[in-house]
Structure formats: structure tokens, C-alpha cells
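Source file: target07.csv; contents: CSV, C-alpha atoms.
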```csv
chain,number,residue,atom,x,y,z
A,13,MET,CA,1.5,8.1,14.4
A,14,SER,CA,3.8,10.7,13.1
A,15,THR,CA,4.0,11.3,9.4
A,16,GLU,CA,7.7,12.1,9.9
A,17,LEU,CA,8.3,8.6,11.3
A,18,GLN,CA,6.4,7.1,8.3
A,19,ARG,CA,8.6,9.1,5.9
A,20,GLU,CA,11.7,7.8,7.6
A,21,PHE,CA,10.4,4.3,7.3
A,22,ALA,CA,9.7,4.9,3.6
A,23,VAL,CA,13.2,6.1,3.0
A,24,LEU,CA,14.7,3.1,4.9
A,25,THR,CA,12.5,0.7,2.9
A,26,GLU,CA,13.6,2.3,-0.3
A,27,ARG,CA,17.2,1.8,0.7
A,28,VAL,CA,16.5,-1.9,1.4
A,29,ALA,CA,14.8,-2.2,-2.0
A,30,THR,CA,17.4,-0.5,-4.1
A,31,SER,CA,20.7,-1.2,-2.4
A,32,ARG,CA,20.0,-4.2,-0.1
A,33,ASP,CA,21.0,-1.9,2.8
A,34,ARG,CA,21.3,-4.2,5.8
A,35,GLN,CA,21.7,-1.3,8.3
A,36,ALA,CA,18.5,0.3,7.1
A,37,PHE,CA,16.8,-3.0,7.4
A,38,ALA,CA,18.1,-3.6,10.9
A,39,GLN,CA,16.6,-0.2,11.9
A,40,LEU,CA,13.2,-1.3,10.5
A,41,PHE,CA,13.6,-4.6,12.2
A,42,ASP,CA,14.3,-3.1,15.6
A,43,TYR,CA,11.2,-1.0,15.3
A,44,PHE,CA,8.8,-3.4,13.9
A,45,ALA,CA,9.8,-6.9,15.0
A,46,PRO,CA,9.0,-6.3,18.7
A,47,ARG,CA,5.7,-4.7,17.8
A,48,LEU,CA,4.7,-7.5,15.4
A,49,LYS,CA,5.6,-10.0,18.1
A,50,SER,CA,3.5,-8.0,20.6
A,51,TYR,CA,0.6,-8.0,18.1
A,52,LEU,CA,0.8,-11.7,17.5
A,53,ARG,CA,1.0,-12.4,21.3
A,54,SER,CA,-2.1,-10.3,21.8
A,55,LEU,CA,-3.9,-12.8,19.4
A,56,ASN,CA,-3.0,-15.6,21.8
A,57,MET,CA,0.0,-16.9,19.9
A,58,ASN,CA,2.7,-18.5,22.1
A,59,ASP,CA,6.1,-16.9,22.3
A,60,ASN,CA,7.8,-19.3,19.8
A,61,ALA,CA,5.1,-19.1,17.2
A,62,ALA,CA,4.9,-15.3,17.5
A,63,GLU,CA,8.7,-15.1,16.9
A,64,ASP,CA,8.6,-17.4,14.0
A,65,LEU,CA,5.9,-15.5,12.3
A,66,THR,CA,7.5,-12.2,13.1
A,67,GLN,CA,10.6,-13.5,11.3
A,68,GLU,CA,8.5,-14.6,8.4
A,69,VAL,CA,7.0,-11.2,8.0
A,70,MET,CA,10.4,-9.5,8.2
A,71,VAL,CA,11.7,-11.9,5.5
A,72,VAL,CA,8.8,-10.6,3.3
A,73,LEU,CA,10.0,-7.0,3.9
A,74,TRP,CA,13.6,-8.0,3.2
A,75,GLN,CA,12.7,-9.8,-0.1
A,76,LYS,CA,9.8,-7.7,-1.3
A,77,ALA,CA,10.7,-4.2,-0.1
A,78,HIS,CA,10.4,-3.2,-3.8
A,79,LEU,CA,6.7,-4.0,-3.7
A,80,TYR,CA,6.0,-1.5,-1.0
A,81,ASP,CA,4.5,1.8,-2.3
A,82,ALA,CA,4.7,4.6,0.2
A,83,SER,CA,2.0,6.5,-1.7
A,84,LYS,CA,-0.5,3.8,-1.0
A,85,SER,CA,-0.1,2.9,2.6
A,86,SER,CA,2.1,3.4,5.6
A,87,LEU,CA,4.7,0.8,6.2
A,88,SER,CA,3.0,-0.1,9.4
A,89,THR,CA,-0.2,-0.8,7.5
A,90,TRP,CA,1.6,-2.8,4.9
A,91,LEU,CA,3.3,-4.9,7.5
A,92,PHE,CA,0.0,-5.4,9.4
A,93,ARG,CA,-1.5,-6.8,6.2
A,94,VAL,CA,1.4,-9.1,5.6
A,95,ALA,CA,1.3,-10.3,9.2
A,96,ARG,CA,-2.5,-10.9,9.0
A,97,ASN,CA,-2.2,-12.9,5.8
A,98,ARG,CA,0.8,-14.9,7.0
A,99,ARG,CA,-1.1,-15.7,10.2
A,100,ILE,CA,-4.0,-17.1,8.2
A,101,ASP,CA,-1.5,-19.0,6.2
A,102,ALA,CA,0.2,-20.4,9.3
A,103,VAL,CA,-3.1,-21.5,10.8
A,104,ARG,CA,-3.9,-23.3,7.6
A,105,ARG,CA,-0.5,-24.9,7.5
A,106,ASP,CA,-1.0,-26.3,11.0
A,107,LYS,CA,-4.3,-27.7,10.1
A,108,SER,CA,-3.7,-29.5,6.9
A,109,ALA,CA,-0.6,-28.4,5.2
A,110,GLN,CA,-2.2,-29.1,1.9
A,111,LEU,CA,-2.6,-25.6,0.5
A,112,ASP,CA,-0.5,-24.4,-2.3
A,113,PRO,CA,2.2,-22.1,-0.8
A,114,ASP,CA,1.8,-19.9,-3.9
A,115,GLU,CA,-1.9,-19.4,-3.3
A,116,PRO,CA,-2.5,-15.8,-4.4
A,117,LEU,CA,-4.6,-15.0,-1.4
A,118,LEU,CA,-1.7,-15.6,0.9
A,119,GLN,CA,0.9,-13.7,-1.2
A,120,PRO,CA,1.9,-10.4,0.2
A,121,SER,CA,1.7,-8.9,-3.2
A,122,ALA,CA,-1.9,-9.9,-3.5
A,123,VAL,CA,-2.9,-7.9,-0.4
A,124,GLN,CA,-3.3,-4.6,-2.2
A,125,PRO,CA,-4.5,-5.4,-5.7
A,126,VAL,CA,-7.2,-2.9,-5.9
A,127,ASP,CA,-6.7,0.6,-7.0
A,128,GLU,CA,-6.2,3.2,-4.4
A,129,LEU,CA,-8.0,6.4,-4.9
A,130,ILE,CA,-6.4,8.8,-2.5
A,131,ASP,CA,-2.8,8.7,-1.3
A,132,ALA,CA,-1.8,7.3,2.0
A,133,ASP,CA,-1.1,10.6,3.8
A,134,GLN,CA,-4.5,11.9,3.0
A,135,ARG,CA,-6.2,8.7,4.0
A,136,ASP,CA,-4.3,8.5,7.3
A,137,GLU,CA,-5.3,12.0,8.1
A,138,ARG,CA,-8.9,11.3,7.4
A,139,VAL,CA,-8.9,8.0,9.3
A,140,GLN,CA,-7.2,9.6,12.2
A,141,GLU,CA,-9.7,12.4,12.3
A,142,ALA,CA,-12.6,10.0,12.0
A,143,MET,CA,-11.2,7.8,14.7
A,144,ALA,CA,-10.5,10.7,16.9
A,145,SER,CA,-14.1,11.9,16.5
A,146,LEU,CA,-15.5,8.6,17.9
A,147,PRO,CA,-16.4,8.6,21.6
A,148,GLN,CA,-13.9,6.6,23.6
A,149,GLU,CA,-16.5,4.0,24.4
A,150,GLN,CA,-17.2,3.3,20.7
A,151,LEU,CA,-13.5,3.4,19.7
A,152,GLU,CA,-12.5,0.8,22.2
A,153,LEU,CA,-15.1,-1.7,21.0
A,154,VAL,CA,-14.5,-1.1,17.3
A,155,ARG,CA,-10.7,-1.7,17.9
A,156,GLN,CA,-11.5,-5.0,19.5
A,157,ALA,CA,-13.5,-5.9,16.4
A,158,PHE,CA,-11.1,-4.9,13.6
A,159,PHE,CA,-7.7,-5.2,15.3
A,160,LEU,CA,-8.2,-8.2,17.5
A,161,GLY,CA,-11.0,-9.8,15.4
A,162,LEU,CA,-13.4,-10.4,18.3
A,163,SER,CA,-17.1,-11.0,17.6
A,164,HIS,CA,-19.8,-9.0,19.2
A,165,SER,CA,-20.5,-11.7,21.8
A,166,GLN,CA,-16.8,-12.1,22.6
A,167,ILE,CA,-16.5,-8.4,23.1
A,168,SER,CA,-19.6,-8.5,25.3
A,169,GLU,CA,-18.0,-11.3,27.4
A,170,ARG,CA,-14.7,-9.4,27.7
A,171,THR,CA,-16.1,-6.1,28.6
A,172,GLY,CA,-19.1,-7.2,30.6
A,173,LEU,CA,-21.3,-4.9,28.5
A,174,PRO,CA,-24.7,-6.2,27.4
A,175,LEU,CA,-24.6,-7.6,23.9
A,176,GLY,CA,-27.2,-5.0,22.7
A,177,THR,CA,-24.9,-2.2,23.9
A,178,VAL,CA,-21.9,-3.6,22.1
A,179,LYS,CA,-23.9,-3.9,18.9
A,180,SER,CA,-25.4,-0.5,19.0
A,181,ARG,CA,-22.0,1.2,19.9
A,182,ILE,CA,-20.3,-0.6,17.0
A,183,ARG,CA,-23.1,0.2,14.6
A,184,LEU,CA,-22.8,3.9,15.5
A,185,ALA,CA,-19.1,3.9,15.2
A,186,PHE,CA,-19.2,2.3,11.7
A,187,GLY,CA,-21.8,4.7,10.6
A,188,ARG,CA,-19.6,7.6,11.6
A,189,LEU,CA,-16.5,6.1,9.9
A,190,ARG,CA,-18.5,5.5,6.7
A,191,ARG,CA,-19.7,9.0,6.7
A,192,ALA,CA,-16.3,10.4,7.4
A,193,LEU,CA,-14.9,8.4,4.4
A,194,GLU,CA,-17.7,9.2,2.1
A,195,ASN,CA,-15.7,11.9,0.3
A,196,ASP,CA,-13.0,9.4,-0.6
A,197,ALA,CA,-15.6,7.1,-1.9
A,198,LEU,CA,-17.3,9.3,-4.4
A,199,VAL,CA,-16.0,7.3,-7.4
A,200,ASP,CA,-15.5,4.2,-5.4
A,201,THR,CA,-19.1,3.6,-4.4
A,202,GLU,CA,-20.4,3.8,-8.0
A,203,PHE,CA,-20.7,0.2,-8.8
B,25,MET,CA,-28.2,-2.1,-8.2
B,26,THR,CA,-27.0,-2.6,-4.7
B,27,ILE,CA,-29.6,-2.9,-2.0
B,28,LYS,CA,-28.5,-2.9,1.6
B,29,PHE,CA,-30.3,-5.6,3.4
B,30,ASP,CA,-27.8,-6.7,5.9
B,31,ASN,CA,-25.1,-5.1,7.8
B,32,LEU,CA,-21.7,-6.3,6.6
B,33,ASP,CA,-19.7,-4.4,9.2
B,34,ALA,CA,-18.9,-7.4,11.3
B,35,LEU,CA,-17.7,-9.3,8.2
B,36,ILE,CA,-15.6,-6.3,7.3
B,37,SER,CA,-14.1,-6.1,10.8
B,38,GLY,CA,-13.3,-9.8,10.7
B,39,TYR,CA,-11.7,-9.5,7.3
B,40,VAL,CA,-9.4,-6.7,8.4
B,41,ALA,CA,-8.5,-8.5,11.6
B,42,GLY,CA,-7.9,-11.8,9.7
B,43,SER,CA,-10.2,-13.7,12.1
B,44,LEU,CA,-12.8,-15.0,9.7
B,45,PRO,CA,-12.9,-18.7,8.7
B,46,LEU,CA,-11.0,-19.0,5.5
B,47,PRO,CA,-14.0,-19.3,3.1
B,48,LEU,CA,-15.4,-16.0,4.5
B,49,HIS,CA,-12.1,-14.3,4.2
B,50,VAL,CA,-11.9,-15.4,0.6
B,51,MET,CA,-15.4,-14.2,0.0
B,52,MET,CA,-14.6,-10.7,1.4
B,53,ALA,CA,-11.3,-10.5,-0.5
B,54,SER,CA,-13.2,-11.4,-3.6
B,55,GLN,CA,-16.0,-8.9,-2.9
B,56,LEU,CA,-13.3,-6.2,-2.6
B,57,GLU,CA,-11.9,-7.1,-6.0
B,58,LEU,CA,-15.3,-7.0,-7.6
B,59,SER,CA,-16.8,-3.8,-6.1
B,60,GLY,CA,-15.7,-0.5,-4.6
B,61,GLN,CA,-18.5,-0.5,-2.2
B,62,HIS,CA,-16.6,-1.3,1.0
B,63,ARG,CA,-13.1,-0.6,-0.2
B,64,SER,CA,-12.5,2.7,1.5
B,65,LEU,CA,-13.8,1.5,4.8
B,66,VAL,CA,-11.6,-1.6,4.6
B,67,ARG,CA,-8.5,0.4,3.6
B,68,ALA,CA,-9.3,2.9,6.4
B,69,LEU,CA,-9.6,0.2,9.0
B,70,GLU,CA,-6.4,-1.4,7.8
B,71,ALA,CA,-4.6,2.0,8.1
B,72,ALA,CA,-6.0,2.3,11.6
B,73,ALA,CA,-4.8,-1.2,12.4
B,74,GLY,CA,-1.4,-0.1,11.2
B,75,ASN,CA,-1.5,2.8,13.6
B,76,ASP,CA,-2.5,0.4,16.4
B,77,LEU,CA,0.4,-1.8,15.6
B,78,GLU,CA,2.8,1.1,16.2
B,79,GLU,CA,1.2,1.8,19.5
B,80,LEU,CA,1.5,-1.6,21.0
B,81,SER,CA,4.2,-2.0,23.6
B,82,PRO,CA,7.1,-3.7,22.0
B,83,VAL,CA,8.0,-7.2,23.2
B,84,ALA,CA,11.7,-8.0,22.8
B,85,VAL,CA,12.6,-10.5,20.2
B,86,SER,CA,14.9,-13.1,21.8
B,87,LYS,CA,17.7,-13.7,19.2
B,88,ARG,CA,17.9,-10.4,17.3
B,89,ASP,CA,21.3,-10.8,15.6
B,90,GLU,CA,20.7,-14.4,14.8
B,91,THR,CA,17.3,-13.7,13.3
B,92,LEU,CA,18.7,-10.8,11.3
B,93,ALA,CA,21.4,-13.1,9.9
B,94,GLN,CA,18.9,-15.7,8.9
B,95,ILE,CA,16.7,-13.0,7.2
B,96,PHE,CA,19.7,-11.8,5.2
B,97,LYS,CA,20.6,-15.3,4.3
B,98,SER,CA,17.0,-15.9,3.0
B,99,ASP,CA,18.1,-14.0,-0.1
B,100,GLU,CA,20.2,-16.9,-1.3
B,101,ASP,CA,17.2,-19.3,-1.3
B,102,GLY,CA,16.1,-17.2,-4.2
B,103,SER,CA,12.4,-17.8,-3.5
B,104,GLY,CA,11.3,-15.0,-5.8
B,105,GLN,CA,7.8,-15.7,-6.9
B,106,GLY,CA,6.2,-14.2,-9.8
B,107,GLU,CA,3.8,-11.3,-9.4
B,108,THR,CA,0.2,-12.3,-9.1
B,109,SER,CA,-2.0,-11.0,-11.9
B,110,THR,CA,-4.6,-8.7,-10.6
B,111,GLN,CA,-6.9,-8.7,-13.6
B,112,CYS,CA,-10.4,-9.5,-12.6
B,113,ASP,CA,-12.3,-12.0,-14.6
B,114,VAL,CA,-15.6,-13.5,-13.6
B,115,MET,CA,-13.7,-15.1,-10.8
B,116,PRO,CA,-11.7,-12.7,-8.6
B,117,SER,CA,-8.1,-13.9,-8.2
B,118,ALA,CA,-8.7,-14.6,-4.5
B,119,LEU,CA,-11.4,-17.1,-5.4
B,120,VAL,CA,-9.3,-18.7,-8.2
B,121,GLY,CA,-6.5,-19.1,-5.7
B,122,PHE,CA,-8.8,-20.7,-3.1
B,123,THR,CA,-10.8,-23.0,-5.4
B,124,GLY,CA,-8.0,-23.8,-7.9
B,125,PHE,CA,-10.4,-23.2,-10.8
B,126,SER,CA,-11.1,-20.4,-13.2
B,127,VAL,CA,-14.7,-20.0,-14.4
B,128,ASN,CA,-14.3,-22.2,-17.5
B,129,ASP,CA,-12.9,-25.3,-15.8
B,130,ILE,CA,-15.2,-25.6,-12.8
B,131,PRO,CA,-16.3,-29.3,-12.6
B,132,TRP,CA,-20.0,-28.5,-12.3
B,133,LYS,CA,-22.5,-31.2,-11.2
B,134,THR,CA,-26.1,-30.7,-12.4
B,135,LYS,CA,-28.5,-30.8,-9.4
B,136,LEU,CA,-31.7,-29.8,-11.1
B,137,PRO,CA,-32.5,-28.7,-14.7
B,138,GLY,CA,-30.9,-25.3,-15.0
B,139,PHE,CA,-29.1,-25.5,-11.7
B,140,LYS,CA,-25.5,-26.7,-11.3
B,141,GLU,CA,-23.3,-26.8,-8.3
B,142,PHE,CA,-19.6,-27.5,-7.5
B,143,ASP,CA,-19.3,-28.6,-3.9
B,144,LEU,CA,-15.9,-27.7,-2.3
B,145,GLY,CA,-16.7,-29.5,0.9
B,146,THR,CA,-16.1,-28.3,4.4
B,147,VAL,CA,-13.4,-25.8,5.0
B,148,ASP,CA,-12.8,-24.3,8.5
B,149,GLY,CA,-16.1,-25.5,9.6
B,150,CYS,CA,-18.0,-24.0,6.7
B,151,GLU,CA,-19.7,-25.7,3.8
B,152,VAL,CA,-18.4,-24.1,0.6
B,153,SER,CA,-19.8,-24.3,-2.9
B,154,LEU,CA,-20.1,-22.5,-6.2
B,155,PHE,CA,-23.5,-22.4,-8.0
B,156,TRP,CA,-24.7,-21.8,-11.5
B,157,ILE,CA,-28.3,-20.9,-12.4
B,158,ARG,CA,-29.6,-20.7,-16.0
B,159,PRO,CA,-31.0,-17.4,-17.0
B,160,GLY,CA,-34.6,-17.0,-16.0
B,161,ARG,CA,-34.6,-20.2,-13.9
B,162,THR,CA,-36.0,-20.1,-10.3
B,163,VAL,CA,-34.4,-22.6,-7.9
B,164,PRO,CA,-35.4,-23.6,-4.5
B,165,MET,CA,-32.2,-23.1,-2.6
B,166,HIS,CA,-31.7,-25.7,0.1
B,167,LYS,CA,-32.9,-24.4,3.4
B,168,HIS,CA,-30.3,-24.0,6.0
B,169,GLU,CA,-30.5,-23.8,9.7
B,170,GLY,CA,-27.7,-21.4,9.8
B,171,LYS,CA,-26.7,-18.4,7.7
B,172,GLU,CA,-26.0,-18.7,4.0
B,173,LEU,CA,-23.8,-16.1,2.5
B,174,SER,CA,-23.6,-15.8,-1.3
B,175,LEU,CA,-21.3,-13.6,-3.3
B,176,ILE,CA,-22.6,-13.0,-6.8
B,177,LEU,CA,-19.9,-13.3,-9.4
B,178,GLN,CA,-21.8,-13.1,-12.7
B,179,GLY,CA,-25.4,-12.2,-13.7
B,180,ALA,CA,-27.9,-11.4,-11.0
B,181,PHE,CA,-30.7,-13.0,-9.1
B,182,THR,CA,-33.9,-11.7,-7.6
B,183,ASP,CA,-35.8,-13.0,-4.6
B,184,GLU,CA,-38.4,-11.5,-2.4
B,185,ARG,CA,-35.7,-9.2,-0.9
B,186,GLY,CA,-34.7,-7.7,-4.2
B,187,VAL,CA,-31.9,-7.9,-6.7
B,188,PHE,CA,-28.4,-9.2,-6.1
B,189,ALA,CA,-25.8,-8.5,-8.8
B,190,ARG,CA,-22.1,-9.1,-9.3
B,191,GLY,CA,-20.2,-7.9,-6.2
B,192,ASP,CA,-23.2,-8.1,-3.9
B,193,ILE,CA,-23.2,-10.4,-0.9
B,194,SER,CA,-26.6,-12.0,0.0
B,195,ILE,CA,-27.1,-13.1,3.6
B,196,ALA,CA,-30.0,-15.5,4.0
B,197,ASP,CA,-31.1,-17.5,6.9
B,198,GLU,CA,-33.9,-19.8,7.9
B,199,ASN,CA,-36.3,-16.9,8.0
B,200,VAL,CA,-35.7,-16.1,4.3
B,201,GLU,CA,-37.9,-18.0,1.8
B,202,HIS,CA,-35.0,-18.3,-0.5
B,203,ARG,CA,-36.2,-18.9,-4.1
B,204,PRO,CA,-33.9,-16.9,-6.3
B,205,THR,CA,-34.7,-16.3,-10.0
B,206,ALA,CA,-31.7,-15.7,-12.2
B,207,ASP,CA,-31.8,-12.7,-14.5
B,208,MET,CA,-32.3,-13.2,-18.2
B,209,SER,CA,-29.0,-11.5,-19.1
B,210,ALA,CA,-26.6,-14.3,-18.2
B,211,PRO,CA,-26.3,-17.4,-16.1
B,212,CYS,CA,-26.0,-16.4,-12.4
B,213,ILE,CA,-22.8,-17.7,-10.9
B,214,GLY,CA,-22.1,-17.3,-7.2
B,215,PHE,CA,-19.9,-18.4,-4.3
B,216,ALA,CA,-21.8,-19.8,-1.3
B,217,VAL,CA,-20.7,-20.3,2.3
B,218,THR,CA,-22.9,-21.8,5.0
B,219,ASP,CA,-22.4,-23.2,8.5
B,220,GLY,CA,-21.1,-26.7,8.3
B,221,PRO,CA,-22.8,-29.5,10.2
B,222,GLN,CA,-20.3,-29.6,13.0
B,223,ARG,CA,-20.6,-25.9,13.5
B,224,LEU,CA,-24.4,-26.3,14.0
B,225,SER,CA,-24.0,-28.9,16.6
B,226,GLY,CA,-22.3,-26.4,18.9
B,227,SER,CA,-18.6,-27.0,18.4
B,228,PHE,CA,-16.0,-24.5,19.7
B,229,LYS,CA,-16.1,-22.9,16.3
B,230,GLN,CA,-18.0,-19.7,15.9
B,231,ARG,CA,-21.1,-19.9,13.9
B,232,ILE,CA,-21.4,-17.5,11.0
B,233,GLY,CA,-24.3,-15.8,12.7
B,234,ASP,CA,-22.1,-15.1,15.7
B,235,ILE,CA,-19.4,-13.7,13.4
B,236,LEU,CA,-22.0,-11.4,11.8
B,237,GLY,CA,-23.3,-10.3,15.1
B,238,ALA,CA,-26.7,-11.5,14.2
B,239,TYR,CA,-27.6,-13.1,17.5
```
Once more with this new file: its structure as C-alpha cells, please.
Amino acid sequence: MSTELQREFAVLTERVATSRDRQAFAQLFDYFAPRLKSYLRSLNMNDNAAEDLTQEVMVVLWQKAHLYDASKSSLSTWLFRVARNRRIDAVRRDKSAQLDPDEPLLQPSAVQPVDELIDADQRDERVQEAMASLPQEQLELVRQAFFLGLSHSQISERTGLPLGTVKSRIRLAFGRLRRALENDALVDTEF
Amino acid sequence: MTIKFDNLDALISGYVAGSLPLPLHVMMASQLELSGQHRSLVRALEAAAGNDLEELSPVAVSKRDETLAQIFKSDEDGSGQGETSTQCDVMPSALVGFTGFSVNDIPWKTKLPGFKEFDLGTVDGCEVSLFWIRPGRTVPMHKHEGKELSLILQGAFTDERGVFARGDISIADENVEHRPTADMSAPCIGFAVTDGPQRLSGSFKQRIGDILGAY
């Protein structure tokens, strides 16, 4: 991911927030909507449902652009969180439709309530370094866990790797990531 | 004091991906409000997921202009909600939102002297409850065939594994002789999630143990 691209997204979002700039929004839409749809499709949503939810996420961006803080996360990360939370909401709606739509957990503003200790650029760099330092075989498995939400046994089924191998590779990968992030966490881990 | 008995990595991955049953998602969101222990890792994985989102091959949206027009029109619905307060009381806001109660209005039912419970029933295949243990009281927790996850919200309890305090998640299973004793400092209040009955009888739902990668 290029930092330059992220800066551009931040500028466009700012324009949406401050002057309701439709052109700026359309640019963001053209970049993110097809990727959000792709993401939701990869989670086995059908085409219609994926488009509906994509629209919902983009509505959040249009209405709540002022809540986005470029110093805390990239716009991609912010939209990923909104999409994740809206999907949980949508699944619940399908099931029972009895949840309060104002439930704080499902509000986009509630996704980043905790204080952030380092700014987004720094974190992105560190994450990218840490991710890049992982052997490919570990990275692929970890991504299936945190991006696609697959359990160890599902990953084992999908990849044909023995369950024990999946577990040990993921454990190694998380160990590395935690160590790589330790410097951020100096204050954070003191509980 | 935080003692690491169990590996929460799988729970963290599932939280980031949004694939956990709702009660576990709420538990993890609450944990992140209470403690900084896993915060950087979660934020880092979310940032990585954001990068992954950029790298997916785009899939064209069918009615671009129409969709855009609808989004711009959404303004007029004026669905501006108030900001959620992020102040963290005994009950983290994620948990207040999920249960609909703050700590002072929980409709507790006394189960044993010094032990109260509020049963929230079965949600997403999980049994969900809040518990309250009087300071110094030892309670025999019901034995479960599956996993029992408890997030401590106030006070602390000790069992043969050690001490669990506010912000800690205890993972117990049938192998743990689970007789927690609450600290003297304050009543111990916690949020507990276990496999529901239908989950145990081998439904399509993932069992908590599978989610945690414990099998």
C-alpha cells in the first residue's frame, strides 16, 4: 500500500467531510466500492447482498466522513472495520431483526473508541515490516485467519495441511507479530 | 496481574475478521476497552486487513451512478445518530450495548448464597450470562462439556490456575476444576460465554473450542 495513495484518500475524505464534495466522494467510491464488494464476495456473500452491504458502507463514509481521523488509521482500515461491523449487523438482522439499530457495538463510531498510541503511518510501517518478515507459508495462513476469519481446522481443510502444522505456523507468526509490535505496546501492556 | 494461561490468538483473529459468534465478538470488544494487553496486535491486524482490502481484485459494482445518487440522497434522511460515549465504567460500552443493561440495573437472580447470575439465554449458539460473586466467596461453577470463557469486569477471582482480574479472559473447560474464589476487595463481576446445547450436539455451528483452535 502506498502512503501517497493513503494521503490522497485522506484529502478526498476531508473534502467530503467539510464541503460535501460529491466528486471527491465518487473517486473514493470508484476505488473502494469494487474492493469492498470483492471482500464481501470472498466471505461467501452473494452478489446482491455484497452490493447492498457495499452501499451501506459507502453511505457511512458519506455521512460520517468527519469521524475519520487520518492520524489514527488508513481509510482502507477504517472502511474494513465499518464493513466488518456492518456485516455482523446484517447477519443479525437476517436472523432475528430484533436488535436495536443504535446498538453501540454496531455503530461505526464505536469501532475505534480506544486510545491510539502511535500514529497510523508509523503503525502501518511497522505492521508492514513485521508482515514482510514472516515466511510466506506463515503469512498465508495468518491472513486466512484474521482476514477471512477461518478457524484452524477450516484452514487445514482448505490447504490440505495437517492441523498441527497449521497451528504451529500460526503460533509462530503471532509470536513474531507480537514481538515486532512490542515497542508500540510499552505503555499499552501495563495494565 | 495478568497470567497467560491460554492462547487468545485465535479469538483475536476471529474478532478482527468479524467471524466470531456475536457474544464472543462482544467479549473481545469489551476486553479491548478494558485492557491494553492485546490492543496493538488487534490494531495491527486491522491495519493489515485494510492493506489486504486494497490488494483484492476489484469486482465491478453493477449500478454505479444509481448507487451514488442513492448515497447522496441518504443525506436527506437525516439519520444522524449521536456519538457513542466511550467512557468505560464497570461495564464496557460494547457490553452495555449488547446486554441493554448497565451494571446497576442488571436483574440478578440469586443462585446460591453469595452468587448471583443474569442469564441472557442463547445467542448465536452460545449460552450467555453475567455473574456476581460476593467478596471471599468460593463458588462451584457449573461444569461444562465445552469451553467456558469469562471476561472479568470487576474485582478478581482466584482458582487453581491463578488470579483473574478486570480485563482478563479465563478459558476453562471440562479439564479445569473450576472453583473460583472472589477477592476480598470487591464483588467479582464477569461476563460468561459457553457452548450452547445445540452447539454441543454437533450442529453446523462451530464450537468455541474449534474457534479457539483448541482441538
- Could you tell me which of A:Gly187, A:Pro46, A:Pro147, A:Pro174 comes closest to chain B if we count all atoms listed in the file?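 Closest to chain B, using all atoms listed in the file: A:Pro46.
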- Task: Name all residues at most 10 Å from B:Leu65 (count only C-alpha atoms; drop same-chain ones fewer than 5 positions away) and give them as a ChimeraX atom specification.
- Result: /A:139,186,189-194,196-197 /B:33,36-37,40,60,70-71
- Message: If we count all atoms listed in the file and set the cut-off at 8 Å, which residues sit around stretch 142-148 of chain B, ignoring sequence neighbours fewer than 2 positions away in its own chain? Please answer as a VMD selection string.
- Response: chain B and resid 45 to 47 123 130 to 133 140 150 to 155 220
- For B:Leu173, which of B:Met115, B:Met51, B:Met208, B:Leu136 is the closest residue, counting all atoms listed in the file?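 Checking each candidate against B:Leu173, we get B:Met51 as the closest.
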- Message: Using all atoms listed in the file for the distances, tell me which of B:Val66, B:Leu35, B:Gly138, B:Leu77 is nearest to chain A.
- Response: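 Closest candidate: B:Leu77.
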- Item | Gap from atom CA of B:Phe181 to atom CA of B:Thr218 - Å, one decimal |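 A separation of 18.4 Å between them.
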- Task: Enumerate as a PyMOL selection string the residues belonging to chain B that approach chain A to within 8 Å, with all atoms listed in the file taken into account.
- Result: chain B and resi 25+33-34+36-44+46+50+56-57+59-65+68-78+80-85+91-92+95-96+98-99+104-105+107-108+110+117-118+121-122+234-237
- Message: To one decimal place in Å, what is the distance between atom CA of B:Met165 and atom CA of B:Thr182?
- Response: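 Interatomic distance here is 12.6 Å.
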- At what distance in Å, to one decimal, does atom CA of A:Thr25 lie from atom CA of A:Tyr80?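 It comes out at 7.9 Å.
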- Query: Quick one: of B:Ile195, B:Lys135, B:Val187, B:Gly160, who's nearest to B:Leu32, counting only C-alpha atoms?
  - Reply: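 Nearest to B:Leu32: B:Ile195.
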- Message: Let me make sure I understand: among B:Thr134, B:Ser174, B:Ser194, B:Thr162, which one has the smallest atom-to-atom distance to B:Asp207 if we use all atoms listed in the file?
- Response: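 Among the listed residues, the smallest separation from B:Asp207 belongs to B:Thr162.
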- Message: as a VMD selection string, please: the residues near A:Leu146 (cut-off 8 Å, only C-alpha atoms, same-chain neighbours under 4 positions excluded).
- Response: chain A and resid 142 150 to 151 185 188
- Item | Selected residue of minimal separation from B:Gly170 among B:Asn199, B:Arg185, B:Phe139, B:Met52, counting only C-alpha atoms |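 Checking each of B:Asn199, B:Arg185, B:Phe139, B:Met52 against B:Gly170, counting only C-alpha atoms, the winner is B:Asn199.
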Please write a file for stretch 137-146 of chain B, taken from the block I just shared, that holds N, CA, C and O atoms and is laid out as a CSV table (one decimal), in the first residue's frame.
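The resulting file, out26.csv, is shown below:
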```
chain,number,residue,atom,x,y,z
B,137,PRO,N,-26.2,-18.7,48.0
B,137,PRO,CA,-25.8,-17.5,48.8
B,137,PRO,C,-24.5,-17.0,48.3
B,137,PRO,O,-23.5,-17.7,48.1
B,138,GLY,N,-24.4,-15.7,48.0
B,138,GLY,CA,-23.2,-15.0,47.6
B,138,GLY,C,-22.9,-15.2,46.1
B,138,GLY,O,-21.8,-14.9,45.6
B,139,PHE,N,-23.9,-15.8,45.4
B,139,PHE,CA,-23.6,-16.0,43.9
B,139,PHE,C,-24.9,-15.7,43.1
B,139,PHE,O,-25.9,-16.3,43.3
B,140,LYS,N,-24.8,-14.6,42.3
B,140,LYS,CA,-25.9,-14.2,41.5
B,140,LYS,C,-25.6,-14.4,40.0
B,140,LYS,O,-24.4,-14.3,39.6
B,141,GLU,N,-26.7,-14.5,39.3
B,141,GLU,CA,-26.4,-14.7,37.8
B,141,GLU,C,-27.5,-14.0,37.1
B,141,GLU,O,-28.7,-13.8,37.5
B,142,PHE,N,-27.2,-13.5,35.9
B,142,PHE,CA,-28.2,-13.0,35.0
B,142,PHE,C,-28.1,-13.7,33.7
B,142,PHE,O,-27.0,-13.6,33.0
B,143,ASP,N,-29.1,-14.5,33.4
B,143,ASP,CA,-29.0,-15.4,32.2
B,143,ASP,C,-29.5,-14.7,31.0
B,143,ASP,O,-30.7,-14.3,30.9
B,144,LEU,N,-28.7,-14.5,30.0
B,144,LEU,CA,-29.1,-13.8,28.7
B,144,LEU,C,-29.6,-14.8,27.7
B,144,LEU,O,-29.9,-14.4,26.5
B,145,GLY,N,-29.6,-16.1,28.0
B,145,GLY,CA,-30.1,-17.1,27.1
B,145,GLY,C,-29.1,-17.4,26.0
B,145,GLY,O,-27.9,-17.2,26.2
B,146,THR,N,-29.6,-18.0,24.9
B,146,THR,CA,-28.7,-18.5,23.9
B,146,THR,C,-28.7,-17.5,22.7
B,146,THR,O,-29.7,-17.1,22.2
```
